[in-house]
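First up is the structure itself, then whatever we jot down about it.
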Amino acid sequence: MCVDPNALNSHSTAACLTGINTQHLQVDHKAKEIIPKADLPSPRKEFSACAIGCKVYVTGGRGSENGVSKDVWIYDTVHEEWSKGAPMLIARFGHGSAELENSLYVVGGHTAIAGVFPASPSVSLKQVERYDPLTNKWTMMAPLRDGVSNAAVVSAKLKLFVFGGTTIHRDKASKVQCYDPVGNRWSIAAECPQPWRYTAAAVLGSQIFIMGGDTEFTAASAYRFDCDTDQWSRVGDMTSKRMSCHAVASGNKLYVVGGYFGTQRCKTLDCYDPAGDSWSSITTVPYSLIPTAFVSTWKHLPA
């Protein structure tokens, strides 16, 4: 069976999916080790991944041979096997995804410009899709206020939040876009402390933490966004500058892996403890690791 990570005596594990060859690694932060798992059957890059319960949903992406994809691959962490889900309505890459009320939302990104070969990316998309795992069907939802790609997308307090990204003019975005499923409506919740893209985001309670990325200031910076007040506060900087890193929450701590800055690739899995506003390195990761996705799944416990 699978249990909620918030339940007594349960804990979550993290899955990391990387680059064009799409390696699949399990990160055990308690044992401080990284374990190879079954790789994604169809190699690609710039996809997105999201966990719902014990399953990881990998959407879209692009490869050198198969172009921009609508594919949905589902990894079952209980049986440790991959299967295909219904394809998205729009092929996309550079998008974000998040779970909201047991549904999967796919947000923004790029698609391919029709009739252009080799495929060239479109401007950043506004389109948002929702996937129902029970019916294996996709539905178009209300579009973003501003089309973005390479944005940080998370859910908190029964809403979706989209931070920054690349605009339709290919500039760094500075808005926080918020989706309320009750009214199927997007609004602008706040301005980011600085324009950014390729940032990491993770949620602890009503607090969303944003880290690193392509920013106007330091790529080591980290911020906390309060969903109740829509207010920002600065927290301690990461141990190194990171772009295209990824983050997950587990227990009452955050974990950040991978990324790069300039020609330097980040080789550590780092942990942030909000209680002490402090960062520490947990373990090293493969040198080639610049993850496309990093998700936390519920721990599988024997029945």
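Ligands are numbered from 1 in the order shown, chains are lettered A, B, ... in the order of the structure tokens, and residues start at 1 in each chain.
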
Do a neighbour search on Ala201 of chain A at 6 Å with only C-alpha atoms, toss out local chain neighbours closer than 3 positions, and write the hits as a ChimeraX atom specification. /A:152,209-210,247

Pick out the residues sitting within 6 Å of segment 132-148 of chain A, and hand them over as a PyMOL selection string; count only C-alpha atoms, and ignore anything fewer than 5 positions along from it in its own chain. chain A and resi 86+103+108+124-127+165-167+184

Interatomic distance (Å, one decimal) between atom CA of Val154 of chain A and atom CA of Asp214 of chain A: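 A separation of 18.3 Å between them.
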
Selection near segment 89-96 of chain A, 6 Å with only C-alpha atoms, sequence-local residues under 2 positions removed, as a list in words: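 Listing them by chain and then by number gives Glu46, Phe47, Ser48, Gly60, Gly61, Val68, Ser69, Lys70, Val106, Val107, Gly108, Gly109, His110, Thr111, Ser149, Asn150 and Val153 of chain A.
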
Selection: 6 Å around Val58 of chain A, only C-alpha atoms, excl. self and same-chain fewer than 4 positions, as a PyMOL selection string: chain A and resi 48-49+72-73

For the residues in the current selection, export N, CA, C and O atoms as a compact mmCIF listing (two decimals), in the first residue's frame.
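Output contents, as saved in again-v3.txt:
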# COMPACT_ATOMS: atom_id res chain seq x y z
N SER A 48 8.61 17.57 -17.97
CA SER A 48 8.27 17.90 -16.60
C SER A 48 7.78 16.64 -15.92
O SER A 48 7.33 15.70 -16.58
N ALA A 49 7.90 16.60 -14.60
CA ALA A 49 7.44 15.43 -13.85
C ALA A 49 6.76 15.87 -12.56
O ALA A 49 7.12 16.89 -11.97
N VAL A 72 2.85 10.97 -22.29
CA VAL A 72 2.76 10.91 -20.83
C VAL A 72 3.23 9.52 -20.40
O VAL A 72 2.64 8.50 -20.79
N TRP A 73 4.30 9.48 -19.63
CA TRP A 73 4.81 8.23 -19.06
C TRP A 73 4.56 8.23 -17.57
O TRP A 73 4.74 9.25 -16.90

Using only C-alpha atoms, determine which residues lie at most 10 Å from Asn252 of chain A, disregarding the query and same-chain residues fewer than 5 positions distant; provide the list as a list in words.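 My reading of the contact set: Val203, Leu204, Gly205, Tyr272, Asp273, Pro274 and Ala275 of chain A.
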
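Counting only C-alpha atoms, the residue from A:Val56, A:Cys271, A:Cys192, A:Trp186 that sits nearest to Gly251 of chain A is A:Cys271.
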
Of the listed residues A:Ser187, A:Gln194, A:Asn102, A:Ser280, that which approaches Leu158 of chain A most closely, counting only C-alpha atoms: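 That would be A:Asn102, the residue with the smallest distance to Leu158 of chain A.
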